[in-house]
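Below: run-v9.txt (compact mmCIF, C-alpha atoms)
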# COMPACT_ATOMS: atom_id res chain seq x y z
CA MET A 374 124.79 101.70 74.79
CA THR A 375 123.15 103.31 77.82
CA GLU A 376 119.37 103.41 77.98
CA PHE A 377 118.64 106.74 79.59
CA ARG A 378 116.01 107.17 82.29
CA PHE A 379 114.41 110.57 82.74
CA LEU A 380 113.28 111.63 86.22
CA ASP A 381 110.31 113.95 86.61
CA THR A 382 110.40 116.57 89.34
CA ASN A 383 108.13 114.65 91.69
CA ILE A 384 110.62 111.78 91.93
CA LEU A 385 113.37 114.15 93.06
CA LEU A 386 111.06 115.92 95.51
CA TYR A 387 110.17 112.64 97.21
CA LEU A 388 113.86 112.18 98.04
CA TYR A 389 113.43 115.02 100.57
CA ASP A 390 109.77 114.60 101.52
CA ARG A 391 109.51 113.17 105.04
CA ARG A 392 105.70 112.94 104.87
CA ASP A 393 105.64 109.69 102.89
CA GLU A 394 108.38 107.25 103.85
CA ARG A 395 107.34 104.62 101.28
CA LYS A 396 107.63 107.09 98.39
CA ARG A 397 110.86 108.54 99.79
CA ARG A 398 112.46 105.09 99.89
CA ARG A 399 111.23 104.20 96.40
CA ALA A 400 112.48 107.50 94.96
CA ALA A 401 115.87 106.92 96.57
CA GLU A 402 116.01 103.41 95.09
CA ILE A 403 115.23 104.71 91.58
CA PHE A 404 117.74 107.55 91.86
CA ARG A 405 120.47 105.19 93.10
CA GLU A 406 119.79 102.61 90.35
CA CYS A 407 119.85 105.26 87.61
CA TRP A 408 122.95 106.90 89.10
CA GLU A 409 124.86 103.63 89.29
CA ALA A 410 123.85 102.70 85.72
CA LYS A 411 124.86 106.18 84.53
CA SER A 412 121.41 106.41 82.91
CA LEU A 413 119.95 109.34 84.85
CA VAL A 414 118.85 112.43 82.93
CA ILE A 415 116.79 115.49 83.87
CA SER A 416 116.05 118.88 82.31
CA THR A 417 116.41 122.50 83.30
CA GLN A 418 112.62 122.51 83.82
CA VAL A 419 112.96 119.75 86.42
CA ILE A 420 115.73 121.65 88.22
CA GLN A 421 113.65 124.85 88.32
CA GLU A 422 110.52 123.06 89.51
CA PHE A 423 112.55 121.22 92.16
CA TYR A 424 113.81 124.47 93.65
CA SER A 425 110.40 126.13 93.58
CA ALA A 426 108.42 123.20 95.01
CA GLY A 427 111.19 122.21 97.41
CA THR A 428 111.30 125.59 99.07
CA ARG A 429 107.54 126.24 98.95
CA LYS A 430 105.99 122.82 99.56
CA LEU A 431 108.70 120.93 101.42
CA GLY A 432 110.06 123.87 103.36
CA LEU A 433 113.66 123.35 102.29
CA GLU A 434 115.82 126.25 103.33
CA PRO A 435 116.90 128.21 100.25
CA SER A 436 120.57 127.62 101.07
CA ARG A 437 120.01 123.84 101.27
CA ALA A 438 117.91 123.92 98.08
CA TYR A 439 120.76 125.80 96.37
CA GLU A 440 123.26 123.09 97.41
CA LEU A 441 120.94 120.46 95.95
CA LEU A 442 120.63 122.47 92.72
CA VAL A 443 124.40 122.51 92.38
CA ASP A 444 124.39 118.71 92.62
CA LEU A 445 121.50 118.38 90.16
CA CYS A 446 123.34 120.59 87.67
CA ARG A 447 126.17 118.03 87.65
CA LEU A 448 123.85 115.39 86.19
CA ARG A 449 123.09 114.89 82.52
CA VAL A 450 120.79 117.86 81.92
CA VAL A 451 118.74 118.75 78.85
CA SER A 452 118.68 122.54 78.51
CA ILE A 453 115.21 123.54 77.38
CA GLY A 454 115.30 125.55 74.17
CA CYS A 455 112.89 126.67 71.50
CA SER A 456 112.99 123.32 69.70
CA HIS A 457 111.85 121.55 72.89
CA ILE A 458 109.06 124.07 73.42
CA LEU A 459 107.80 123.71 69.86
CA ARG A 460 107.94 119.92 70.12
CA ALA A 461 106.03 120.11 73.42
CA THR A 462 103.15 121.88 71.71
CA GLU A 463 102.93 118.97 69.25
CA ILE A 464 103.01 116.43 72.08
CA GLU A 465 100.38 118.40 73.99
CA ARG A 466 97.99 118.28 71.04
CA ARG A 467 98.70 114.70 70.02
CA PHE A 468 98.39 113.14 73.47
CA ALA A 469 96.07 115.64 75.22
CA VAL A 470 98.46 116.27 78.11
CA SER A 471 99.32 119.53 79.84
CA PHE A 472 101.94 121.72 78.21
CA TRP A 473 104.29 121.25 81.20
CA ASP A 474 104.02 117.46 81.02
CA ALA A 475 104.54 117.70 77.25
CA LEU A 476 107.71 119.72 77.86
CA ILE A 477 109.01 116.97 80.17
CA LEU A 478 108.24 114.42 77.45
CA SER A 479 109.94 116.60 74.83
CA ALA A 480 113.10 116.79 76.95
CA ALA A 481 113.02 113.05 77.63
CA GLN A 482 112.73 112.38 73.90
CA ALA A 483 115.58 114.79 73.15
CA ALA A 484 117.77 112.97 75.68
CA GLY A 485 117.05 109.64 74.05
CA ALA A 486 115.38 108.36 77.21
CA SER A 487 113.32 105.22 76.84
CA LEU A 488 111.71 105.52 80.26
CA LEU A 489 110.23 108.46 82.17
CA PHE A 490 109.67 108.00 85.88
CA SER A 491 106.67 110.14 86.84
CA GLU A 492 103.44 109.95 88.77
CA ASP A 493 101.90 112.75 86.69
CA LEU A 494 101.32 110.83 83.47
CA GLN A 495 99.51 107.58 82.72
CA HIS A 496 101.47 104.54 83.90
CA GLY A 497 102.55 102.33 81.01
CA GLN A 498 101.61 104.86 78.32
CA LYS A 499 104.07 105.28 75.47
CA TYR A 500 104.58 108.79 74.14
CA GLY A 501 106.59 108.17 71.02
CA GLU A 502 109.69 106.29 72.15
CA VAL A 503 109.28 107.26 75.81
CA GLN A 504 107.28 105.05 78.15
CA VAL A 505 106.00 106.34 81.47
CA GLN A 506 106.45 104.35 84.63
CA ASN A 507 104.79 105.43 87.85
CA PRO A 508 107.14 103.87 90.39
CA PHE A 509 104.58 104.27 93.17
CA GLN A 510 101.79 102.36 91.46
CA HIS A 511 101.01 99.04 93.10
Could you show the structure in this file as structure tokens?
Amino acid sequence: MTEFRFLDTNILLYLYDRRDERKRRRAAEIFRECWEAKSLVISTQVIQEFYSAGTRKLGLEPSRAYELLVDLCRLRVVSIGCSHILRATEIERRFAVSFWDALILSAAQAAGASLLFSEDLQHGQKYGEVQVQNPFQH
């Protein structure tokens, strides 16, 4: 049985961020490992945030960002629905995290992911069955 790995938006953004070569290489390594193991999962929230931050913060041309979205949509994607949103409010209260981080955790839980790669949440922390790993922490 595949152990799914959920990628937060920041991991995907580092794939195209030329400002930090170390993080870009590490993000590429994680993406490749998850891809090869067929364990990679993201959510519609991650796809939306990728487009928004990619075009605004990284300066990706909208046409290039669109091409990348098409590729991302071919991955295993959790479509955010009302059940995820309601669960996120519970996670937000229980763990005192932002709603948006709670929504990522809700989607990761729904996907059956055991690991969430993110630099936005506490490294090593378990949120239910999902453990956070900050791949850039030394």
Selection near region 451-460 of chain A, 6 Å with all atoms listed in the file, sequence-local residues under 5 positions removed, as a list in words
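Everything that qualifies: Ser416, Thr417 and Ser479 of chain A.
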In terms of all atoms listed in the file, the residue from A:Arg405, A:Arg399, A:Arg449, A:His496 at minimal distance from Ala480 (chain A) is A:Arg449
Practice prompt. Find the residue from A:Ala483, A:Leu478, A:Leu386, A:Ala461 that sits nearest to Thr428 (chain A); use only C-alpha atoms when measuring.
Written response: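 Among A:Ala483, A:Leu478, A:Leu386, A:Ala461, it is A:Leu386 that comes nearest to Thr428 (chain A).
The residue that comes closest to Val414 (chain A), out of A:Leu494, A:Ala486, A:Leu442, A:Ala401 and on the basis of all atoms listed in the file, is A:Ala486.
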Min atom-atom distance to Trp473 (chain A) from the set A:Val419, A:Leu445, A:Ile403, A:Leu489, counting all atoms listed in the file, belongs to A:Val419
- Who sits within 12 Å of Gln498 (chain A), only C-alpha atoms, same chain under 3 positions skipped, as a list in words: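 Near Gln498 (chain A), the qualifying residues are Phe468, Val470, Leu478, Ser487, Leu488, Leu489, Phe490, Ser491, Glu492, Asp493, Leu494, Gln495, Gly501, Glu502, Val503, Gln504, Val505, Gln506 and Asn507 of chain A.
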Between CA of Val450 (chain A) and CA of Tyr500 (chain A) lies a distance of 20.1 Å
From CA of Glu465 (chain A) to CA of Arg429 (chain A) the spacing works out at 27.1 Å
What separates CA of Glu376 (chain A) and CA of Asp390 (chain A) is a distance of 27.8 Å
Of A:Ala475, A:Leu385, A:Pro508, A:Thr375, the one nearest to Ala438 (chain A) when counting all atoms listed in the file is A:Leu385
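Among A:Glu463, A:Ala400, A:Leu441, A:Ala481, the residue with the shortest atom-to-atom distance to Phe379 (chain A), counting only C-alpha atoms, is A:Ala481.
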Missing atoms in region 377-389 of chain A need filling: write out N, CA and C atoms for it as a JSON list (two decimals), keeping the file's coordinate frame.
[["chain", "number", "residue", "atom", "x", "y", "z"],
["A", 377, "PHE", "N", 118.83, 105.67, 78.63],
["A", 377, "PHE", "CA", 118.64, 106.74, 79.59],
["A", 377, "PHE", "C", 117.26, 106.69, 80.23],
["A", 378, "ARG", "N", 117.23, 107.09, 81.49],
["A", 378, "ARG", "CA", 116.01, 107.17, 82.29],
["A", 378, "ARG", "C", 115.84, 108.62, 82.73],
["A", 379, "PHE", "N", 114.69, 109.17, 82.42],
["A", 379, "PHE", "CA", 114.41, 110.57, 82.74],
["A", 379, "PHE", "C", 113.60, 110.62, 84.03],
["A", 380, "LEU", "N", 114.00, 111.48, 84.96],
["A", 380, "LEU", "CA", 113.28, 111.63, 86.22],
["A", 380, "LEU", "C", 112.48, 112.92, 86.21],
["A", 381, "ASP", "N", 111.18, 112.79, 86.46],
["A", 381, "ASP", "CA", 110.31, 113.95, 86.61],
["A", 381, "ASP", "C", 110.57, 114.58, 87.97],
["A", 382, "THR", "N", 110.16, 115.80, 88.12],
["A", 382, "THR", "CA", 110.40, 116.57, 89.34],
["A", 382, "THR", "C", 109.90, 115.86, 90.58],
["A", 383, "ASN", "N", 108.71, 115.26, 90.50],
["A", 383, "ASN", "CA", 108.13, 114.65, 91.69],
["A", 383, "ASN", "C", 109.01, 113.54, 92.27],
["A", 384, "ILE", "N", 109.73, 112.83, 91.44],
["A", 384, "ILE", "CA", 110.62, 111.78, 91.93],
["A", 384, "ILE", "C", 111.72, 112.40, 92.78],
["A", 385, "LEU", "N", 112.31, 113.48, 92.30],
["A", 385, "LEU", "CA", 113.37, 114.15, 93.06],
["A", 385, "LEU", "C", 112.84, 114.76, 94.35],
["A", 386, "LEU", "N", 111.64, 115.31, 94.30],
["A", 386, "LEU", "CA", 111.06, 115.92, 95.51],
["A", 386, "LEU", "C", 110.83, 114.87, 96.60],
["A", 387, "TYR", "N", 110.41, 113.68, 96.21],
["A", 387, "TYR", "CA", 110.17, 112.64, 97.21],
["A", 387, "TYR", "C", 111.44, 112.24, 97.94],
["A", 388, "LEU", "N", 112.60, 112.47, 97.35],
["A", 388, "LEU", "CA", 113.86, 112.18, 98.04],
["A", 388, "LEU", "C", 113.99, 112.97, 99.34],
["A", 389, "TYR", "N", 113.30, 114.12, 99.42],
["A", 389, "TYR", "CA", 113.43, 115.02, 100.57],
["A", 389, "TYR", "C", 112.11, 115.23, 101.30]]
